[in-house]
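Participant: What follows is the file target-v6.txt, containing compact mmCIF, C-alpha atoms:
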```txt
# COMPACT_ATOMS: atom_id res chain seq x y z
CA MET A 1 0.00 0.00 0.00
CA GLY A 2 2.02 2.93 -1.25
CA GLU A 3 1.90 6.46 0.11
CA ASN A 4 -0.46 7.66 -2.61
CA GLN A 5 -2.56 4.53 -2.80
CA SER A 6 -5.90 5.12 -1.14
CA GLY A 7 -9.57 5.42 -1.92
CA ALA A 8 -12.43 2.97 -1.98
CA TRP A 9 -11.23 1.11 -5.07
CA PHE A 10 -7.75 0.43 -3.70
CA VAL A 11 -9.02 -0.63 -0.26
CA ARG A 12 -11.63 -2.93 -1.78
CA ASP A 13 -9.02 -4.53 -4.04
CA LEU A 14 -6.63 -4.99 -1.11
CA LEU A 15 -9.30 -6.68 1.00
CA ASP A 16 -10.46 -8.86 -1.88
CA ARG A 17 -6.91 -10.08 -2.54
CA HIS A 18 -6.68 -11.19 1.08
CA GLY A 19 -10.20 -12.59 1.17
CA PHE A 20 -11.15 -10.29 4.04
CA LYS A 21 -14.78 -9.76 5.14
CA PHE A 22 -15.82 -7.03 7.57
CA SER A 23 -16.96 -7.98 11.07
CA LYS A 24 -19.85 -5.96 12.46
CA ALA A 25 -19.17 -7.43 15.89
CA LEU A 26 -15.72 -5.83 15.92
CA GLY A 27 -17.00 -2.42 14.80
CA GLN A 28 -14.70 -2.29 11.77
CA ASN A 29 -14.77 0.82 9.59
CA PHE A 30 -11.61 1.49 7.59
CA LEU A 31 -10.53 4.95 6.46
CA ILE A 32 -10.48 5.39 2.69
CA ASP A 33 -9.61 9.11 2.59
CA ALA A 34 -5.83 9.44 2.87
CA ASN A 35 -6.13 13.09 3.91
CA ILE A 36 -7.72 12.16 7.25
CA PRO A 37 -4.83 10.09 8.72
CA GLU A 38 -2.37 12.77 7.63
CA LYS A 39 -4.45 15.48 9.31
CA ILE A 40 -4.85 13.45 12.52
CA VAL A 41 -1.09 12.96 12.88
CA ARG A 42 -0.28 16.56 11.97
CA LEU A 43 -2.71 18.04 14.51
CA SER A 44 -1.69 15.55 17.20
CA GLY A 45 1.82 16.99 17.32
CA ILE A 46 3.32 13.50 17.30
CA ASP A 47 6.97 13.53 16.24
CA GLU A 48 10.13 11.43 16.34
CA THR A 49 10.35 11.79 20.13
CA CYS A 50 7.17 9.71 20.54
CA THR A 51 6.40 6.04 20.94
CA VAL A 52 2.82 5.72 19.79
CA VAL A 53 0.30 3.03 20.70
CA GLU A 54 -2.39 2.56 18.08
CA VAL A 55 -5.51 0.54 18.85
CA GLY A 56 -7.17 -1.25 15.93
CA PRO A 57 -4.87 -0.33 13.03
CA GLY A 58 -7.16 -2.08 10.53
CA ILE A 59 -5.39 -2.06 7.19
CA GLY A 60 -2.76 0.45 8.36
CA ALA A 61 -3.94 3.77 6.87
CA LEU A 62 -3.23 5.71 10.06
CA THR A 63 -0.34 3.44 11.02
CA MET A 64 1.68 4.45 7.95
CA GLN A 65 1.37 8.14 8.81
CA LEU A 66 2.38 7.40 12.39
CA CYS A 67 5.44 5.48 11.20
CA ARG A 68 6.56 8.47 9.13
CA ALA A 69 6.12 10.93 11.98
CA SER A 70 7.06 9.08 15.19
CA GLY A 71 10.01 7.24 16.66
CA LYS A 72 8.16 3.96 17.16
CA VAL A 73 4.65 2.59 16.67
CA ILE A 74 3.07 -0.29 18.58
CA ALA A 75 -0.13 -1.27 16.79
CA VAL A 76 -2.48 -3.55 18.75
CA GLU A 77 -4.89 -5.52 16.54
CA LEU A 78 -7.53 -7.92 17.84
CA ASP A 79 -8.54 -9.41 14.48
CA ASP A 80 -5.87 -11.91 13.41
CA ARG A 81 -7.29 -11.90 9.88
CA LEU A 82 -5.83 -8.41 9.44
CA LEU A 83 -2.26 -9.41 10.31
CA PRO A 84 -1.34 -10.57 6.74
CA ILE A 85 -2.78 -7.31 5.36
CA LEU A 86 -0.75 -5.25 7.81
CA SER A 87 2.38 -7.23 6.89
CA ASP A 88 1.67 -6.15 3.31
CA THR A 89 0.87 -2.48 3.88
CA LEU A 90 3.53 -1.85 6.53
CA ALA A 91 6.33 -3.86 4.90
CA LYS A 92 8.54 -0.82 4.21
CA TYR A 93 8.41 0.55 7.77
CA LYS A 94 11.01 -0.63 10.27
CA ASN A 95 9.77 1.30 13.33
CA VAL A 96 6.45 -0.51 13.75
CA GLU A 97 5.52 -3.57 15.77
CA VAL A 98 2.11 -5.16 15.28
CA VAL A 99 0.87 -6.89 18.43
CA SER A 100 -1.94 -9.41 18.21
CA GLY A 101 -4.18 -8.92 21.23
CA ASP A 102 -7.09 -7.28 23.00
CA ILE A 103 -6.28 -3.80 24.32
CA LEU A 104 -8.73 -4.39 27.18
CA LYS A 105 -6.78 -7.44 28.37
CA LEU A 106 -3.14 -6.64 27.59
CA ASP A 107 -0.78 -5.62 30.36
CA MET A 108 0.01 -2.18 28.98
CA ASN A 109 2.77 -1.48 31.47
CA LYS A 110 4.49 -4.69 30.44
CA LEU A 111 3.90 -3.95 26.75
CA ILE A 112 5.40 -0.48 27.03
CA GLY A 113 7.94 -1.19 29.75
CA ALA A 114 9.62 -3.92 27.73
CA ARG A 115 10.28 -1.34 25.02
CA PHE A 116 11.43 1.57 27.15
CA ASP A 117 13.64 3.76 25.02
CA GLY A 118 13.50 7.24 26.51
CA LEU A 119 10.73 8.37 24.17
CA ARG A 120 7.52 9.99 25.37
CA TYR A 121 4.34 7.97 25.02
CA ALA A 122 1.16 8.81 23.15
CA VAL A 123 -1.95 7.10 21.84
CA CYS A 124 -3.28 7.73 18.35
CA ALA A 125 -6.13 5.61 17.05
CA ASN A 126 -9.34 5.30 15.10
CA LEU A 127 -10.99 3.48 18.00
CA PRO A 128 -13.42 0.66 17.17
CA TYR A 129 -16.90 1.97 17.96
CA ASN A 130 -17.81 -1.01 20.14
CA ILE A 131 -15.00 -0.50 22.69
CA THR A 132 -14.52 3.27 22.71
CA SER A 133 -15.32 3.99 26.36
CA PRO A 134 -13.66 0.93 27.96
CA ALA A 135 -10.58 1.37 25.74
CA LEU A 136 -10.18 5.01 26.75
CA ILE A 137 -10.69 4.20 30.43
CA THR A 138 -8.11 1.40 30.19
CA LEU A 139 -5.53 3.56 28.40
CA ILE A 140 -5.98 6.60 30.65
CA ASN A 141 -5.79 4.51 33.83
CA THR A 142 -2.32 3.26 32.89
CA ASN A 143 -0.98 6.78 33.64
CA ILE A 144 1.59 6.21 30.89
CA PHE A 145 0.50 8.50 28.07
CA GLU A 146 1.12 12.23 27.77
CA GLN A 147 -1.67 12.55 25.22
CA LEU A 148 -4.31 10.55 23.40
CA THR A 149 -5.61 11.53 19.97
CA VAL A 150 -8.58 9.38 19.05
CA MET A 151 -11.34 9.22 16.47
CA VAL A 152 -14.69 8.32 18.01
CA GLN A 153 -18.38 8.69 17.24
CA ARG A 154 -19.32 12.36 17.26
CA GLU A 155 -21.84 11.84 20.07
CA VAL A 156 -19.13 10.23 22.20
CA ALA A 157 -16.85 13.20 21.52
CA TRP A 158 -19.61 15.51 22.74
CA ARG A 159 -19.90 13.49 25.96
CA MET A 160 -16.14 13.61 26.46
CA CYS A 161 -16.11 17.41 26.22
CA ALA A 162 -19.49 18.09 27.86
CA THR A 163 -19.89 20.68 30.61
CA PRO A 164 -22.01 20.45 33.78
CA GLY A 165 -25.72 20.83 33.19
CA SER A 166 -25.60 19.95 29.50
CA ALA A 167 -27.55 17.04 28.01
CA ASP A 168 -24.33 15.18 27.12
CA TYR A 169 -22.74 15.52 30.56
CA SER A 170 -22.22 12.16 32.29
CA ALA A 171 -20.00 10.23 34.69
CA PHE A 172 -17.83 9.48 31.63
CA SER A 173 -17.48 13.24 31.03
CA VAL A 174 -16.25 13.67 34.60
CA PHE A 175 -13.76 10.81 34.22
CA ILE A 176 -12.33 12.24 31.00
CA ASN A 177 -12.08 15.80 32.33
CA TYR A 178 -10.65 14.67 35.66
CA HIS A 179 -7.71 12.97 33.97
CA THR A 180 -7.31 15.01 30.78
CA GLU A 181 -8.05 18.25 28.98
CA PRO A 182 -10.17 17.21 25.97
CA GLU A 183 -10.58 19.16 22.74
CA ILE A 184 -12.47 18.26 19.56
CA LEU A 185 -10.11 18.85 16.63
CA PHE A 186 -12.37 18.15 13.64
CA ASP A 187 -15.29 16.06 12.40
CA VAL A 188 -15.08 13.21 9.88
CA PRO A 189 -18.11 12.40 7.68
CA PRO A 190 -19.31 8.81 7.02
CA GLU A 191 -18.16 8.82 3.38
CA CYS A 192 -14.52 8.74 4.55
CA PHE A 193 -14.96 5.12 5.68
CA MET A 194 -15.58 1.66 4.31
CA PRO A 195 -18.11 0.40 5.10
CA ARG A 196 -19.86 3.72 5.56
CA PRO A 197 -21.10 4.07 9.17
CA LYS A 198 -24.48 5.53 10.01
CA VAL A 199 -22.92 8.15 12.28
CA HIS A 200 -20.44 10.99 11.98
CA SER A 201 -17.08 10.77 13.73
CA SER A 202 -14.87 13.30 15.50
CA VAL A 203 -11.17 13.42 16.30
CA VAL A 204 -10.49 14.37 19.91
CA MET A 205 -7.21 15.36 21.54
CA LEU A 206 -6.85 14.43 25.21
CA LYS A 207 -3.90 16.03 26.99
CA THR A 208 -3.18 14.25 30.25
CA ARG A 209 -3.22 16.57 33.26
CA LYS A 210 0.29 16.94 34.67
CA GLU A 211 -0.91 17.09 38.26
CA ARG A 212 -3.58 14.86 39.80
CA LEU A 213 -6.50 16.67 41.38
CA LEU A 214 -6.62 14.14 44.24
CA PRO A 215 -4.14 11.73 45.82
CA PRO A 216 -4.48 8.30 44.13
CA GLU A 217 -5.87 6.71 47.30
CA GLU A 218 -8.81 9.13 47.30
CA GLU A 219 -9.81 8.71 43.67
CA SER A 220 -11.83 5.54 44.19
CA ARG A 221 -14.14 7.30 46.63
CA PHE A 222 -14.41 10.31 44.33
CA PHE A 223 -15.54 8.22 41.36
CA LYS A 224 -17.94 6.22 43.51
CA VAL A 225 -19.69 9.49 44.42
CA VAL A 226 -19.69 10.55 40.76
CA ARG A 227 -21.20 7.26 39.59
CA ALA A 228 -23.82 7.45 42.35
CA ALA A 229 -24.80 10.99 41.40
CA PHE A 230 -25.34 9.99 37.77
CA GLY A 231 -26.73 6.54 38.52
CA GLN A 232 -30.32 7.77 38.61
CA ARG A 233 -30.37 11.02 36.67
CA ARG A 234 -34.00 11.87 37.39
CA LYS A 235 -33.47 11.75 41.12
CA THR A 236 -32.28 14.63 43.25
CA LEU A 237 -28.68 14.52 44.42
CA ALA A 238 -29.80 13.54 47.93
CA ASN A 239 -31.90 10.63 46.69
CA ALA A 240 -29.25 9.45 44.22
CA LEU A 241 -26.55 9.40 46.89
CA HIS A 242 -28.89 7.75 49.39
CA ALA A 243 -29.52 4.95 46.88
CA ALA A 244 -25.76 4.31 46.78
CA PHE A 245 -24.71 5.06 50.37
CA GLY A 246 -27.92 4.34 52.30
CA SER A 247 -26.42 1.24 53.88
CA VAL A 248 -23.77 3.30 55.69
CA MET A 249 -25.36 6.76 55.98
CA THR A 250 -28.84 7.91 56.89
CA LYS A 251 -30.79 10.16 54.57
CA SER A 252 -30.43 13.05 57.01
CA ASP A 253 -26.64 12.52 57.19
CA ILE A 254 -26.44 12.66 53.40
CA ILE A 255 -28.55 15.83 53.23
CA ASP A 256 -26.41 17.37 55.96
CA ALA A 257 -23.21 16.53 54.04
CA ILE A 258 -24.59 18.04 50.83
CA GLU A 259 -25.61 21.23 52.62
CA LYS A 260 -22.21 21.52 54.33
CA CYS A 261 -20.68 21.49 50.85
CA GLY A 262 -22.87 24.48 50.00
CA PHE A 263 -25.32 22.67 47.72
CA ASP A 264 -29.09 22.32 47.70
CA PRO A 265 -29.94 18.61 48.25
CA ARG A 266 -32.71 18.99 45.65
CA ILE A 267 -30.30 19.68 42.77
CA ARG A 268 -29.35 16.90 40.40
CA GLY A 269 -25.89 15.43 40.09
CA GLU A 270 -25.43 16.43 36.45
CA THR A 271 -25.24 20.10 37.48
CA LEU A 272 -22.02 19.60 39.47
CA GLY A 273 -18.49 20.06 38.17
CA ILE A 274 -15.33 18.25 39.21
CA GLU A 275 -14.46 20.60 42.09
CA SER A 276 -17.96 20.17 43.51
CA PHE A 277 -17.68 16.38 43.34
CA ILE A 278 -14.32 16.60 45.12
CA LYS A 279 -16.00 18.52 47.94
CA LEU A 280 -18.74 15.89 48.19
CA ALA A 281 -16.27 13.02 48.18
CA GLU A 282 -14.55 14.44 51.27
CA TYR A 283 -17.76 13.81 53.22
CA PHE A 284 -18.29 10.26 52.01
```
Now that the file is in, can you turn its structure into structure tokens?

Facilitator:
Amino acid sequence: MGENQSGAWFVRDLLDRHGFKFSKALGQNFLIDANIPEKIVRLSGIDETCTVVEVGPGIGALTMQLCRASGKVIAVELDDRLLPILSDTLAKYKNVEVVSGDILKLDMNKLIGARFDGLRYAVCANLPYNITSPALITLINTNIFEQLTVMVQREVAWRMCATPGSADYSAFSVFINYHTEPEILFDVPPECFMPRPKVHSSVVMLKTRKERLLPPEEESRFFKVVRAAFGQRRKTLANALHAAFGSVMTKSDIIDAIEKCGFDPRIRGETLGIESFIKLAEYF
């Protein structure tokens, strides 16, 4: 797959030669517009000082651009049927390693640690739609990567960047914004993919926060409060927290804690920002 070889015809011919059939279960949608991978890598700021982890390289459209820009690429592919295709398309690149495996099950510290070379670490991927949230949570929780540049469904991008009180704001929004500073870089229409998805996509840059907002030992409690607050969105904050903590705190204790934080117990959890959740977590 040469540098100028792209488009639906070339991709279809490549897949036909390898006898490849798309898997809906794996959420496979391959880029057929060569301008998109180039733009992703350019806006990500990835350079030769980076070791990049790519999740779901597919046929290697983004992988090739990453190989040209970065010091090293580790591409993790779940579908073994794509390995011969990647051997074909990535044959000329010596700074790439294709790893067969499930990103949700791999020991990322072991994967990266065994290849420590003084480079800074980043993620760049067109994430499979069916594992977007768990993949991001897994990658962010490793505390390895300085930045993550990912293509996701546009609605997921909105949730990642949502602000308190908005319709898209969720516990996932809090998780993303607690650990990173997210920014939507650009949108990608369905016609840039094969097969064409029914949704639009967006490329999001996540810059990992340099300083943690809480000590690591307090984060579990913080996120438990966040999940409780969003667990039953139609309930008031007091009722939502009582549903989660009622076995260890009385309703009046919970209301008292909320009021001591300066909040009305009748508000809903989705109106609170990260600093407000930190205050609440101190009482729970």

Participant: Would you please work out which residue, of A:Gly262, A:Gly118, A:Arg154, A:Phe145, is nearest to Lys198 in chain A when using only C-alpha atoms?

Facilitator: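 Under the stated criterion, the closest residue is A:Arg154.
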
Participant: Interatomic distance between CA of Asp16 in chain A and CA of Cys67 in chain A?

Facilitator: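 Straight-line distance from CA of Asp16 in chain A to CA of Cys67 in chain A works out to 25.1 Å.
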
Participant: Would you mind listing what lies within 12 Å of range 251-258 of chain A as a PDB file with C-alpha atoms, in the frame of the given file, with only C-alpha atoms counted and same-chain residues fewer than 6 positions away left out?

Facilitator:
```
ATOM      1  CA  VAL A 225     -19.690   9.490  44.420  1.00  0.00           C
ATOM      2  CA  ALA A 229     -24.800  10.990  41.400  1.00  0.00           C
ATOM      3  CA  THR A 236     -32.280  14.630  43.250  1.00  0.00           C
ATOM      4  CA  LEU A 237     -28.680  14.520  44.420  1.00  0.00           C
ATOM      5  CA  ALA A 238     -29.800  13.540  47.930  1.00  0.00           C
ATOM      6  CA  ASN A 239     -31.900  10.630  46.690  1.00  0.00           C
ATOM      7  CA  ALA A 240     -29.250   9.450  44.220  1.00  0.00           C
ATOM      8  CA  LEU A 241     -26.550   9.400  46.890  1.00  0.00           C
ATOM      9  CA  HIS A 242     -28.890   7.750  49.390  1.00  0.00           C
ATOM     10  CA  ALA A 243     -29.520   4.950  46.880  1.00  0.00           C
ATOM     11  CA  ALA A 244     -25.760   4.310  46.780  1.00  0.00           C
ATOM     12  CA  PHE A 245     -24.710   5.060  50.370  1.00  0.00           C
ATOM     13  CA  ASP A 264     -29.090  22.320  47.700  1.00  0.00           C
ATOM     14  CA  PRO A 265     -29.940  18.610  48.250  1.00  0.00           C
ATOM     15  CA  ARG A 266     -32.710  18.990  45.650  1.00  0.00           C
ATOM     16  CA  ILE A 267     -30.300  19.680  42.770  1.00  0.00           C
ATOM     17  CA  ARG A 268     -29.350  16.900  40.400  1.00  0.00           C
ATOM     18  CA  GLY A 269     -25.890  15.430  40.090  1.00  0.00           C
ATOM     19  CA  LEU A 272     -22.020  19.600  39.470  1.00  0.00           C
ATOM     20  CA  SER A 276     -17.960  20.170  43.510  1.00  0.00           C
ATOM     21  CA  PHE A 277     -17.680  16.380  43.340  1.00  0.00           C
ATOM     22  CA  ILE A 278     -14.320  16.600  45.120  1.00  0.00           C
ATOM     23  CA  LYS A 279     -16.000  18.520  47.940  1.00  0.00           C
ATOM     24  CA  LEU A 280     -18.740  15.890  48.190  1.00  0.00           C
ATOM     25  CA  ALA A 281     -16.270  13.020  48.180  1.00  0.00           C
ATOM     26  CA  GLU A 282     -14.550  14.440  51.270  1.00  0.00           C
ATOM     27  CA  TYR A 283     -17.760  13.810  53.220  1.00  0.00           C
ATOM     28  CA  PHE A 284     -18.290  10.260  52.010  1.00  0.00           C
TER      29      PHE A 284
END
```

Participant: Using only C-alpha atoms, pick whichever of A:Val96, A:Asp88, A:Phe175, A:Arg81 has the shortest atom-to-atom distance to Arg68 in chain A.

Facilitator: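 Comparing A:Val96, A:Asp88, A:Phe175, A:Arg81 against Arg68 in chain A, the winner is A:Val96.
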
Participant: Using only C-alpha atoms, pick whichever of A:Leu86, A:Leu26, A:Asp80, A:Ile32 has the shortest atom-to-atom distance to Arg12 in chain A.

Facilitator: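 For Arg12 in chain A, the nearest of the given residues is A:Ile32.
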
Participant: Give me, please, the distance in Å between CA of Pro128 in chain A and CA of Arg212 in chain A, quoted to one decimal.

Facilitator: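 That distance, rounded to one decimal, is 28.5 Å.
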
Participant: In Å, rounded to a single decimal, give me how far CA of Thr51 in chain A is from CA of Tyr93 in chain A.

Facilitator: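 Spanning CA of Tyr93 in chain A to CA of Thr51 in chain A is a straight-line distance of 14.4 Å.
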
Participant: Nearest to Ala25 in chain A among A:Met205, A:Leu82, A:Leu148, A:Ile131, with distances taken over all atoms listed in the file: which residue is it?

Facilitator: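 Closest candidate: A:Ile131.
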
Participant: For Leu106 in chain A, which residue among A:Pro215, A:Asp168, A:Ala135, A:Leu90 is the nearest when counting only C-alpha atoms?

Facilitator: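 The answer is A:Ala135, which sits nearest to Leu106 in chain A.
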
Participant: Would you pick out the contacts of Asn29 in chain A at 6 Å or less, using all atoms listed in the file, so that residues sharing its chain but fewer than 3 positions from it are not included, and give the list as JSON, numbers by chain?

Facilitator: {"A": [193, 194, 195]}

Participant: Restore N, CA, C and O atoms in range 228-250 of chain A and list the result as a PDB file, in the frame of the given file.

Facilitator:
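Result file is rebuild.pdb:
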```pdb
ATOM      1  N   ALA A 228     -22.558   7.432  41.603  1.00  0.00           N
ATOM      2  CA  ALA A 228     -23.820   7.450  42.350  1.00  0.00           C
ATOM      3  C   ALA A 228     -24.680   8.636  41.925  1.00  0.00           C
ATOM      4  O   ALA A 228     -25.898   8.506  41.735  1.00  0.00           O
ATOM      5  N   ALA A 229     -24.058   9.783  41.757  1.00  0.00           N
ATOM      6  CA  ALA A 229     -24.800  10.990  41.400  1.00  0.00           C
ATOM      7  C   ALA A 229     -25.455  10.878  40.029  1.00  0.00           C
ATOM      8  O   ALA A 229     -26.538  11.433  39.795  1.00  0.00           O
ATOM      9  N   PHE A 230     -24.801  10.148  39.118  1.00  0.00           N
ATOM     10  CA  PHE A 230     -25.340   9.990  37.770  1.00  0.00           C
ATOM     11  C   PHE A 230     -26.136   8.691  37.609  1.00  0.00           C
ATOM     12  O   PHE A 230     -26.725   8.463  36.550  1.00  0.00           O
ATOM     13  N   GLY A 231     -26.117   7.857  38.641  1.00  0.00           N
ATOM     14  CA  GLY A 231     -26.730   6.540  38.520  1.00  0.00           C
ATOM     15  C   GLY A 231     -28.224   6.589  38.256  1.00  0.00           C
ATOM     16  O   GLY A 231     -28.778   5.725  37.574  1.00  0.00           O
ATOM     17  N   GLN A 232     -28.877   7.606  38.804  1.00  0.00           N
ATOM     18  CA  GLN A 232     -30.320   7.770  38.610  1.00  0.00           C
ATOM     19  C   GLN A 232     -30.568   9.249  38.331  1.00  0.00           C
ATOM     20  O   GLN A 232     -30.861  10.019  39.247  1.00  0.00           O
ATOM     21  N   ARG A 233     -30.418   9.612  37.070  1.00  0.00           N
ATOM     22  CA  ARG A 233     -30.370  11.020  36.670  1.00  0.00           C
ATOM     23  C   ARG A 233     -31.628  11.803  37.047  1.00  0.00           C
ATOM     24  O   ARG A 233     -31.572  13.012  37.233  1.00  0.00           O
ATOM     25  N   ARG A 234     -32.768  11.133  37.101  1.00  0.00           N
ATOM     26  CA  ARG A 234     -34.000  11.870  37.390  1.00  0.00           C
ATOM     27  C   ARG A 234     -34.181  12.163  38.871  1.00  0.00           C
ATOM     28  O   ARG A 234     -35.064  12.921  39.258  1.00  0.00           O
ATOM     29  N   LYS A 235     -33.348  11.534  39.694  1.00  0.00           N
ATOM     30  CA  LYS A 235     -33.470  11.750  41.120  1.00  0.00           C
ATOM     31  C   LYS A 235     -32.659  12.969  41.558  1.00  0.00           C
ATOM     32  O   LYS A 235     -31.696  13.366  40.910  1.00  0.00           O
ATOM     33  N   THR A 236     -33.076  13.548  42.677  1.00  0.00           N
ATOM     34  CA  THR A 236     -32.280  14.630  43.250  1.00  0.00           C
ATOM     35  C   THR A 236     -30.946  14.060  43.719  1.00  0.00           C
ATOM     36  O   THR A 236     -30.789  12.851  43.891  1.00  0.00           O
ATOM     37  N   LEU A 237     -30.001  14.952  43.965  1.00  0.00           N
ATOM     38  CA  LEU A 237     -28.680  14.520  44.420  1.00  0.00           C
ATOM     39  C   LEU A 237     -28.791  13.739  45.733  1.00  0.00           C
ATOM     40  O   LEU A 237     -28.143  12.704  45.904  1.00  0.00           O
ATOM     41  N   ALA A 238     -29.643  14.223  46.632  1.00  0.00           N
ATOM     42  CA  ALA A 238     -29.800  13.540  47.930  1.00  0.00           C
ATOM     43  C   ALA A 238     -30.327  12.130  47.747  1.00  0.00           C
ATOM     44  O   ALA A 238     -29.820  11.178  48.363  1.00  0.00           O
ATOM     45  N   ASN A 239     -31.324  11.961  46.899  1.00  0.00           N
ATOM     46  CA  ASN A 239     -31.900  10.630  46.690  1.00  0.00           C
ATOM     47  C   ASN A 239     -30.938   9.712  45.952  1.00  0.00           C
ATOM     48  O   ASN A 239     -30.854   8.512  46.244  1.00  0.00           O
ATOM     49  N   ALA A 240     -30.205  10.255  44.987  1.00  0.00           N
ATOM     50  CA  ALA A 240     -29.250   9.450  44.220  1.00  0.00           C
ATOM     51  C   ALA A 240     -28.132   8.942  45.127  1.00  0.00           C
ATOM     52  O   ALA A 240     -27.734   7.773  45.061  1.00  0.00           O
ATOM     53  N   LEU A 241     -27.624   9.810  45.989  1.00  0.00           N
ATOM     54  CA  LEU A 241     -26.550   9.400  46.890  1.00  0.00           C
ATOM     55  C   LEU A 241     -27.070   8.452  47.973  1.00  0.00           C
ATOM     56  O   LEU A 241     -26.358   7.538  48.402  1.00  0.00           O
ATOM     57  N   HIS A 242     -28.312   8.653  48.386  1.00  0.00           N
ATOM     58  CA  HIS A 242     -28.890   7.750  49.390  1.00  0.00           C
ATOM     59  C   HIS A 242     -29.038   6.348  48.822  1.00  0.00           C
ATOM     60  O   HIS A 242     -28.845   5.342  49.525  1.00  0.00           O
ATOM     61  N   ALA A 243     -29.377   6.258  47.526  1.00  0.00           N
ATOM     62  CA  ALA A 243     -29.520   4.950  46.880  1.00  0.00           C
ATOM     63  C   ALA A 243     -28.187   4.197  46.889  1.00  0.00           C
ATOM     64  O   ALA A 243     -28.153   2.959  46.961  1.00  0.00           O
ATOM     65  N   ALA A 244     -27.083   4.942  46.822  1.00  0.00           N
ATOM     66  CA  ALA A 244     -25.760   4.310  46.780  1.00  0.00           C
ATOM     67  C   ALA A 244     -25.141   4.124  48.159  1.00  0.00           C
ATOM     68  O   ALA A 244     -24.444   3.141  48.412  1.00  0.00           O
ATOM     69  N   PHE A 245     -25.394   5.068  49.065  1.00  0.00           N
ATOM     70  CA  PHE A 245     -24.710   5.060  50.370  1.00  0.00           C
ATOM     71  C   PHE A 245     -25.666   4.829  51.536  1.00  0.00           C
ATOM     72  O   PHE A 245     -25.276   4.965  52.694  1.00  0.00           O
ATOM     73  N   GLY A 246     -26.928   4.500  51.243  1.00  0.00           N
ATOM     74  CA  GLY A 246     -27.920   4.340  52.300  1.00  0.00           C
ATOM     75  C   GLY A 246     -27.607   3.269  53.307  1.00  0.00           C
ATOM     76  O   GLY A 246     -28.105   3.306  54.438  1.00  0.00           O
ATOM     77  N   SER A 247     -26.755   2.316  52.944  1.00  0.00           N
ATOM     78  CA  SER A 247     -26.420   1.240  53.880  1.00  0.00           C
ATOM     79  C   SER A 247     -25.440   1.699  54.960  1.00  0.00           C
ATOM     80  O   SER A 247     -25.294   1.052  55.993  1.00  0.00           O
ATOM     81  N   VAL A 248     -24.758   2.822  54.726  1.00  0.00           N
ATOM     82  CA  VAL A 248     -23.770   3.300  55.690  1.00  0.00           C
ATOM     83  C   VAL A 248     -24.061   4.700  56.205  1.00  0.00           C
ATOM     84  O   VAL A 248     -23.430   5.156  57.154  1.00  0.00           O
ATOM     85  N   MET A 249     -25.009   5.406  55.556  1.00  0.00           N
ATOM     86  CA  MET A 249     -25.360   6.760  55.980  1.00  0.00           C
ATOM     87  C   MET A 249     -26.871   6.924  55.942  1.00  0.00           C
ATOM     88  O   MET A 249     -27.536   6.436  55.021  1.00  0.00           O
ATOM     89  N   THR A 250     -27.406   7.634  56.910  1.00  0.00           N
ATOM     90  CA  THR A 250     -28.840   7.910  56.890  1.00  0.00           C
ATOM     91  C   THR A 250     -29.134   9.005  55.886  1.00  0.00           C
ATOM     92  O   THR A 250     -28.224   9.741  55.458  1.00  0.00           O
TER      93      THR A 250
END
```
